[in-house]
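Student: Contents of query.tsv (TSV, C-alpha atoms) are below:
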```
chain	number	residue	atom	x	y	z
A	1	MET	CA	-40.48	27.89	6.62
A	2	ALA	CA	-39.09	24.68	5.16
A	3	HIS	CA	-40.83	25.39	1.87
A	4	PHE	CA	-39.37	28.90	1.75
A	5	LEU	CA	-35.90	27.49	2.44
A	6	PHE	CA	-36.35	24.87	-0.27
A	7	PHE	CA	-37.36	27.39	-2.92
A	8	LEU	CA	-34.56	29.76	-1.94
A	9	LEU	CA	-31.90	27.04	-2.10
A	10	ALA	CA	-33.31	25.61	-5.34
A	11	LEU	CA	-33.29	29.08	-6.89
A	12	VAL	CA	-29.66	29.67	-5.88
A	13	CYS	CA	-28.67	26.22	-7.13
A	14	VAL	CA	-30.33	26.54	-10.55
A	15	GLY	CA	-29.23	30.17	-10.83
A	16	GLY	CA	-25.61	29.23	-10.20
A	17	VAL	CA	-25.66	26.65	-12.99
A	18	LEU	CA	-27.42	29.09	-15.34
A	19	ALA	CA	-24.82	31.76	-14.55
A	20	MET	CA	-22.15	29.17	-15.34
A	21	ILE	CA	-23.74	28.61	-18.74
A	22	PHE	CA	-23.91	32.31	-19.61
A	23	SER	CA	-20.59	33.47	-18.18
A	24	GLN	CA	-17.45	33.30	-20.31
A	25	ASN	CA	-14.84	33.53	-17.57
A	26	GLN	CA	-13.70	30.14	-16.32
A	27	ALA	CA	-12.75	31.34	-12.84
A	28	TYR	CA	-16.21	32.88	-12.39
A	29	ASN	CA	-17.72	29.63	-13.69
A	30	ALA	CA	-15.95	27.71	-10.94
A	31	LEU	CA	-17.11	30.19	-8.28
A	32	PHE	CA	-20.72	30.02	-9.50
A	33	LEU	CA	-20.48	26.27	-9.25
A	34	VAL	CA	-19.20	26.50	-5.66
A	35	LEU	CA	-22.31	28.55	-4.81
A	36	SER	CA	-24.53	26.03	-6.55
A	37	PHE	CA	-22.97	23.03	-4.79
A	38	ALA	CA	-23.10	24.71	-1.39
A	39	SER	CA	-26.83	25.35	-1.77
A	40	LEU	CA	-27.21	21.73	-2.87
A	41	GLY	CA	-25.60	20.81	0.44
A	42	GLY	CA	-28.35	22.81	2.15
A	43	LEU	CA	-30.95	20.85	0.18
A	44	PHE	CA	-29.39	17.60	1.41
A	45	GLY	CA	-29.79	18.96	4.92
A	46	LEU	CA	-33.49	19.57	4.20
A	47	LEU	CA	-33.75	15.92	3.11
A	48	ASN	CA	-32.73	14.75	6.61
A	49	ALA	CA	-29.20	13.86	5.52
A	50	PRO	CA	-26.91	16.10	7.60
A	51	PHE	CA	-23.79	13.98	7.12
A	52	ILE	CA	-24.11	13.99	3.33
A	53	ALA	CA	-24.75	17.74	3.48
A	54	VAL	CA	-21.48	18.32	5.33
A	55	VAL	CA	-19.57	15.98	3.03
A	56	GLN	CA	-21.04	17.77	0.00
A	57	ILE	CA	-19.90	21.16	1.26
A	58	ILE	CA	-16.44	20.03	2.41
A	59	ILE	CA	-15.52	17.75	-0.50
A	60	TYR	CA	-17.48	19.14	-3.45
A	61	ALA	CA	-17.68	22.85	-2.76
A	62	GLY	CA	-14.35	22.76	-0.96
A	63	ALA	CA	-11.86	20.26	-2.30
A	64	ILE	CA	-12.99	19.48	-5.85
A	65	MET	CA	-13.72	23.06	-6.83
A	66	VAL	CA	-10.40	24.22	-5.35
A	67	LEU	CA	-8.77	21.64	-7.64
A	68	PHE	CA	-10.60	23.20	-10.59
A	69	ILE	CA	-9.54	26.72	-9.58
A	70	PHE	CA	-5.92	25.58	-9.24
A	71	VAL	CA	-5.95	24.12	-12.75
A	72	ILE	CA	-7.56	27.29	-14.12
A	73	MET	CA	-4.76	29.24	-12.42
A	74	MET	CA	-2.09	26.95	-13.91
A	75	ILE	CA	-3.55	27.15	-17.41
A	76	ASN	CA	-3.83	30.96	-17.15
A	77	LEU	CA	-5.16	31.81	-20.59
A	78	ARG	CA	-3.98	35.37	-21.10
A	79	ILE	CA	-5.95	36.01	-24.23
A	80	GLY	CA	-9.03	34.36	-22.79
A	81	ILE	CA	-11.48	32.26	-24.65
A	82	PRO	CA	-13.10	34.09	-27.56
A	83	PRO	CA	-16.89	34.28	-27.27
A	84	GLU	CA	-18.62	31.37	-28.82
A	85	LYS	CA	-20.04	31.73	-32.26
A	86	LYS	CA	-23.77	31.19	-32.42
A	87	LYS	CA	-23.80	27.65	-33.61
A	88	TRP	CA	-26.78	25.59	-34.57
A	89	THR	CA	-25.55	22.82	-32.24
A	90	ILE	CA	-26.36	24.98	-29.19
A	91	TYR	CA	-29.98	25.42	-30.26
A	92	LEU	CA	-30.23	21.76	-31.18
A	93	SER	CA	-28.87	20.78	-27.75
A	94	VAL	CA	-31.43	23.00	-25.99
A	95	VAL	CA	-34.31	21.53	-28.00
A	96	LEU	CA	-33.14	17.96	-27.39
A	97	ALA	CA	-32.63	18.72	-23.68
A	98	LEU	CA	-36.22	19.98	-23.42
A	99	VAL	CA	-37.41	16.78	-25.08
A	100	LEU	CA	-35.39	14.84	-22.50
A	101	VAL	CA	-37.00	16.87	-19.67
A	102	ALA	CA	-40.45	15.92	-20.96
A	103	GLU	CA	-39.44	12.28	-21.24
A	104	LEU	CA	-37.96	12.14	-17.74
A	105	ILE	CA	-40.94	13.87	-16.13
A	106	LEU	CA	-43.35	11.56	-17.96
A	107	SER	CA	-41.40	8.52	-16.84
A	108	VAL	CA	-41.35	9.46	-13.14
A	109	LYS	CA	-44.80	11.07	-13.05
A	110	GLY	CA	-46.35	7.90	-11.69
A	111	ALA	CA	-43.95	7.95	-8.77
A	112	PHE	CA	-44.79	11.53	-7.74
A	113	GLN	CA	-47.98	10.68	-5.88
A	114	GLY	CA	-46.42	7.92	-3.79
A	115	LEU	CA	-43.26	9.95	-3.31
A	116	SER	CA	-45.06	12.88	-1.74
A	117	GLN	CA	-46.78	10.67	0.83
A	118	SER	CA	-44.12	8.16	1.81
A	119	GLY	CA	-40.97	8.93	3.73
A	120	GLY	CA	-40.05	9.14	7.35
A	121	GLU	CA	-39.03	12.07	9.42
A	122	GLU	CA	-36.07	10.39	11.05
A	123	ILE	CA	-32.65	11.87	10.47
A	124	ALA	CA	-29.94	9.68	8.97
A	125	SER	CA	-27.35	9.65	11.74
A	126	PRO	CA	-23.63	9.38	10.94
A	127	THR	CA	-23.45	6.48	13.40
A	128	ALA	CA	-25.90	4.37	11.41
A	129	LEU	CA	-24.13	5.34	8.17
A	130	GLY	CA	-20.76	4.31	9.58
A	131	LYS	CA	-22.10	1.00	10.81
A	132	LEU	CA	-23.56	0.24	7.39
A	133	LEU	CA	-20.34	1.33	5.67
A	134	PHE	CA	-18.21	-1.05	7.75
A	135	THR	CA	-20.53	-4.06	7.62
A	136	ASP	CA	-22.62	-4.43	4.45
A	137	TYR	CA	-20.50	-2.15	2.27
A	138	LEU	CA	-17.06	-3.10	3.58
A	139	TYR	CA	-15.68	-4.44	0.27
A	140	PRO	CA	-16.80	-1.44	-1.84
A	141	PHE	CA	-15.35	0.81	0.85
A	142	GLU	CA	-11.96	-0.92	0.72
A	143	ILE	CA	-11.95	-0.99	-3.08
A	144	THR	CA	-12.57	2.77	-3.05
A	145	SER	CA	-9.26	3.28	-1.27
A	146	VAL	CA	-7.49	1.40	-4.08
A	147	LEU	CA	-9.29	3.63	-6.59
A	148	ILE	CA	-8.15	6.77	-4.81
A	149	ILE	CA	-4.53	5.59	-4.68
A	150	ALA	CA	-4.67	4.72	-8.39
A	151	ALA	CA	-6.15	8.12	-9.26
A	152	LEU	CA	-3.56	9.92	-7.15
A	153	VAL	CA	-0.60	8.07	-8.66
A	154	GLY	CA	-2.08	8.39	-12.16
A	155	ALA	CA	-2.61	12.13	-11.86
A	156	ILE	CA	0.93	12.72	-10.56
A	157	ILE	CA	2.51	10.54	-13.26
A	158	LEU	CA	0.49	12.29	-15.98
A	159	VAL	CA	1.32	15.83	-14.96
A	160	LYS	CA	4.97	15.23	-14.04
A	161	LYS	CA	7.36	16.90	-16.44
A	162	LYS	CA	9.78	14.56	-18.14
A	163	GLU	CA	13.41	15.00	-17.18
A	164	GLU	CA	14.90	15.46	-20.63
A	165	GLU	CA	12.61	18.43	-21.34
B	1	MET	CA	-42.39	18.06	5.15
B	2	ILE	CA	-41.45	19.07	1.63
B	3	PRO	CA	-42.76	16.51	-0.87
B	4	GLY	CA	-40.12	14.37	-2.53
B	5	SER	CA	-41.46	15.20	-5.98
B	6	TYR	CA	-40.15	18.76	-5.64
B	7	PHE	CA	-36.66	17.42	-5.09
B	8	LEU	CA	-37.03	15.00	-7.99
B	9	ILE	CA	-38.07	17.79	-10.36
B	10	LEU	CA	-35.13	19.91	-9.18
B	11	SER	CA	-32.85	16.95	-9.84
B	12	ILE	CA	-34.20	16.57	-13.38
B	13	VAL	CA	-33.77	20.31	-14.03
B	14	LEU	CA	-30.18	20.23	-12.76
B	15	PHE	CA	-29.33	17.22	-14.89
B	16	ILE	CA	-30.74	18.88	-18.01
B	17	LEU	CA	-28.87	22.11	-17.27
B	18	GLY	CA	-25.71	20.03	-16.98
B	19	ILE	CA	-26.35	18.49	-20.40
B	20	ILE	CA	-27.04	21.91	-21.95
B	21	ALA	CA	-23.88	23.34	-20.38
B	22	PHE	CA	-21.85	20.40	-21.66
B	23	PHE	CA	-22.96	20.94	-25.24
B	24	ALA	CA	-23.15	24.73	-25.24
B	25	LYS	CA	-19.72	25.43	-23.80
B	26	ARG	CA	-16.56	25.05	-25.82
B	27	ASP	CA	-13.75	24.82	-23.27
B	28	LEU	CA	-12.78	21.57	-21.63
B	29	ILE	CA	-12.76	22.82	-18.04
B	30	THR	CA	-16.32	24.15	-18.15
B	31	GLN	CA	-17.49	20.98	-19.86
B	32	PHE	CA	-15.88	19.06	-17.02
B	33	MET	CA	-17.76	21.23	-14.51
B	34	ALA	CA	-20.99	20.40	-16.36
B	35	ILE	CA	-20.30	16.72	-15.73
B	36	GLU	CA	-19.98	17.48	-12.02
B	37	VAL	CA	-23.40	19.20	-12.15
B	38	MET	CA	-24.91	16.06	-13.65
B	39	LEU	CA	-23.32	13.89	-10.93
B	40	ASN	CA	-24.81	16.18	-8.29
B	41	ALA	CA	-28.25	15.91	-9.85
B	42	ALA	CA	-27.95	12.12	-9.57
B	43	ASN	CA	-26.90	12.50	-5.91
B	44	LEU	CA	-30.00	14.58	-5.21
B	45	ALA	CA	-32.24	11.92	-6.74
B	46	PHE	CA	-30.52	9.22	-4.66
B	47	ILE	CA	-31.05	11.12	-1.40
B	48	THR	CA	-34.67	11.89	-2.33
B	49	PHE	CA	-35.45	8.21	-2.83
B	50	ALA	CA	-33.47	7.28	0.28
B	51	ARG	CA	-35.80	9.49	2.31
B	52	ALA	CA	-38.90	8.22	0.50
B	53	PHE	CA	-38.04	4.56	1.17
B	54	ASN	CA	-36.56	5.22	4.61
B	55	SER	CA	-33.34	3.46	3.72
B	56	LEU	CA	-29.69	4.33	4.27
B	57	ASP	CA	-28.37	2.62	1.14
B	58	GLY	CA	-28.90	5.75	-0.97
B	59	HIS	CA	-26.68	7.72	1.38
B	60	ILE	CA	-23.89	5.14	1.04
B	61	ILE	CA	-24.14	5.28	-2.76
B	62	VAL	CA	-23.88	9.06	-2.62
B	63	LEU	CA	-20.75	8.81	-0.48
B	64	PHE	CA	-19.21	6.50	-3.08
B	65	ILE	CA	-20.26	8.82	-5.92
B	66	ILE	CA	-18.58	11.78	-4.20
B	67	THR	CA	-15.39	9.75	-3.72
B	68	VAL	CA	-15.31	8.58	-7.32
B	69	ALA	CA	-16.03	12.14	-8.50
B	70	ALA	CA	-13.02	13.37	-6.55
B	71	ALA	CA	-10.77	10.73	-8.14
B	72	GLU	CA	-12.25	11.47	-11.55
B	73	ALA	CA	-11.67	15.20	-11.14
B	74	ALA	CA	-8.01	14.63	-10.25
B	75	VAL	CA	-7.32	12.42	-13.28
B	76	GLY	CA	-9.45	14.48	-15.67
B	77	LEU	CA	-7.83	17.76	-14.71
B	78	ALA	CA	-4.40	16.15	-15.09
B	79	ILE	CA	-5.34	15.11	-18.62
B	80	ILE	CA	-6.64	18.62	-19.41
B	81	LEU	CA	-3.38	20.09	-18.13
B	82	LEU	CA	-1.43	17.67	-20.33
B	83	ILE	CA	-3.52	18.61	-23.38
B	84	PHE	CA	-2.88	22.30	-22.67
B	85	ARG	CA	0.88	21.73	-22.43
B	86	GLN	CA	0.97	19.91	-25.76
B	87	LYS	CA	-1.50	21.93	-27.80
B	88	GLU	CA	-1.64	25.31	-26.02
B	89	THR	CA	-5.43	25.23	-26.19
B	90	ILE	CA	-8.30	23.90	-24.14
B	91	LYS	CA	-11.04	24.44	-26.70
B	92	SER	CA	-12.63	21.12	-27.38
B	93	GLU	CA	-13.08	21.78	-31.10
B	94	ASP	CA	-9.31	22.23	-31.55
B	95	ILE	CA	-8.67	18.73	-30.26
B	96	LYS	CA	-9.70	16.49	-33.09
B	97	LEU	CA	-6.71	14.26	-33.69
B	98	MET	CA	-6.24	10.98	-31.89
B	99	LYS	CA	-2.48	11.29	-32.09
B	100	GLY	CA	-0.88	14.69	-31.74
```
Take the structure from the file and write it as structure tokens.

Tutor:
Amino acid sequence: MAHFLFFLLALVCVGGVLAMIFSQNQAYNALFLVLSFASLGGLFGLLNAPFIAVVQIIIYAGAIMVLFIFVIMMINLRIGIPPEKKKWTIYLSVVLALVLVAELILSVKGAFQGLSQSGGEEIASPTALGKLLFTDYLYPFEITSVLIIAALVGAIILVKKKEEE
Amino acid sequence: MIPGSYFLILSIVLFILGIIAFFAKRDLITQFMAIEVMLNAANLAFITFARAFNSLDGHIIVLFIITVAAAEAAVGLAIILLIFRQKETIKSEDIKLMKG
């Protein structure tokens, strides 16, 4: 059952990204990506990480992609993007990406055997995560809040229309 | 239990698809989405290893990555919006001057 669920979610996830590559409409791209990220949240659930799964679905598939869709709505290209010309860079990027796949798989191949045996069954509870976040990782956690404030202020300042215009 | 190597291979495939999408697409917003795909592939690898080593640190890193990705998306989309207002285009090949 778990294997079936894994292959289903993996198929949806990879299929969503592939559909994003082949589709020309930006709004559809964003929706395909929502599907892909939601199924990735399911995969996190399969990896015994329920809290991360929920955060993935709420923040990634929810908040960040809504931000993308809002910007697509504001840009509102009436003519649309003309279909891409068949460029040699696309083929070159695919070939180089396949080379990179081979390299990455070769580099982690030694870890596969140990990876399939090790690992516990216990579920990462939000309580344990919260304790770790407020003890060992307290400073990174606080610095993150500064980062978010900076990003928020920066984004508003950037997009704000100047008064003389 | 599903072996961790399956998840690792899926993570590699997602990362590569993100790279291909980044180079194959020509509009800034879709390229930005491709970057998000790559970040998610990294998240998947982190969670896989967190389960393999029975440690919670990978989960914390993933939480931080998601937070930073949210901040990055806000600033990046603001910059894309600004580029569109100035140049009326979001095709990356039309943006080749440092100073408009």

Student: Which residues are close to segment 31-45 of chain B, i.e. within 7 Å by only C-alpha atoms, leaving aside same-chain residues fewer than 5 positions away? Reply as number ranges by chain.

Tutor: B: 8, 11-12, 14-15, 18-19, 21-22, 25, 62

Student: Could you list, as a PyMOL selection string, every residue within 10 Å of segment 16-31 of chain A, counting only C-alpha atoms and ignoring same-chain residues fewer than 6 positions away?

Tutor: (chain A and resi 10+37+39+61+65-73+76-77+80-84) or (chain B and resi 14+17-18+20-22+24-27+29-31+33-34+37)

Student: For segment 145-160 of chain A, find every residue with an atom within 12 Å (counting only C-alpha atoms), except residues of its own chain fewer than 2 positions away, and show them as a ChimeraX atom specification.

Tutor: /A:71,74,138-143,162-165 /B:64,66-86

Student: What lies within 10 Å of Ala97 of chain A using all atoms listed in the file, ignoring chain neighbours under 2 positions off, as an MDAnalysis selection string?

Tutor: (chainID A and resid 91:95 99:103) or (chainID B and resid 13 15:20)

Student: Could you pull the residues within 9 Å of Gln56 of chain A, counting all atoms listed in the file, minus those fewer than 4 positions along the same chain, as JSON, numbers by chain?

Tutor: {"A": [37, 38, 40, 41, 44, 51, 52, 60, 61, 62], "B": [63, 66]}

Student: So how far away is atom CA of Leu33 of chain A from atom CA of Val14 of chain A, in Å?

Tutor: 9.9 Å

Student: With distances taken over only C-alpha atoms, which of A:Ile64, A:Val108, A:Ile57, A:Leu35 is nearest to Phe49 of chain B?

Tutor: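 Counting only C-alpha atoms, the residue closest to Phe49 of chain B is A:Val108.
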
Student: Between A:Leu129, A:Met1, A:Leu106, A:Ile58, which one has atoms that come closest to chain B, using only C-alpha atoms?

Tutor: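 Among the listed residues, the smallest separation from chain B belongs to A:Leu129.
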
Student: Looking at A:Leu115, A:Val12, A:Leu96, A:Val54, which one is nearest to chain B, with distances taken over all atoms listed in the file?

Tutor: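 For chain B, the nearest of the candidates is A:Leu115.
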
Student: Please compute the atom CA of Ile2 of chain B-atom CA of Ala111 of chain A distance, one decimal, in Å.

Tutor: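 We find that atom CA of Ile2 of chain B and atom CA of Ala111 of chain A lie 15.4 Å from each other.
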
Student: Which residue, A:Val34, A:Leu98, A:Ala128, A:Cys13, has the smallest gap to Ala49 of chain A when you use all atoms listed in the file?

Tutor: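 Checking each of A:Val34, A:Leu98, A:Ala128, A:Cys13 against Ala49 of chain A, counting all atoms listed in the file, the winner is A:Ala128.
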
Student: May I ask which of the residues B:Leu97, B:Ala52, B:Ile9, B:Ile47 is the closest one to chain A, counting only C-alpha atoms?

Tutor: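 Comparing B:Leu97, B:Ala52, B:Ile9, B:Ile47 against chain A, the winner is B:Ala52.
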
Student: Rounded to one decimal in Å, what is the spacing between atom CA of Gly4 of chain B and atom CA of Tyr137 of chain A?

Tutor: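 Taking atom CA of Gly4 of chain B as the start and atom CA of Tyr137 of chain A as the end point, the length is 26.1 Å.
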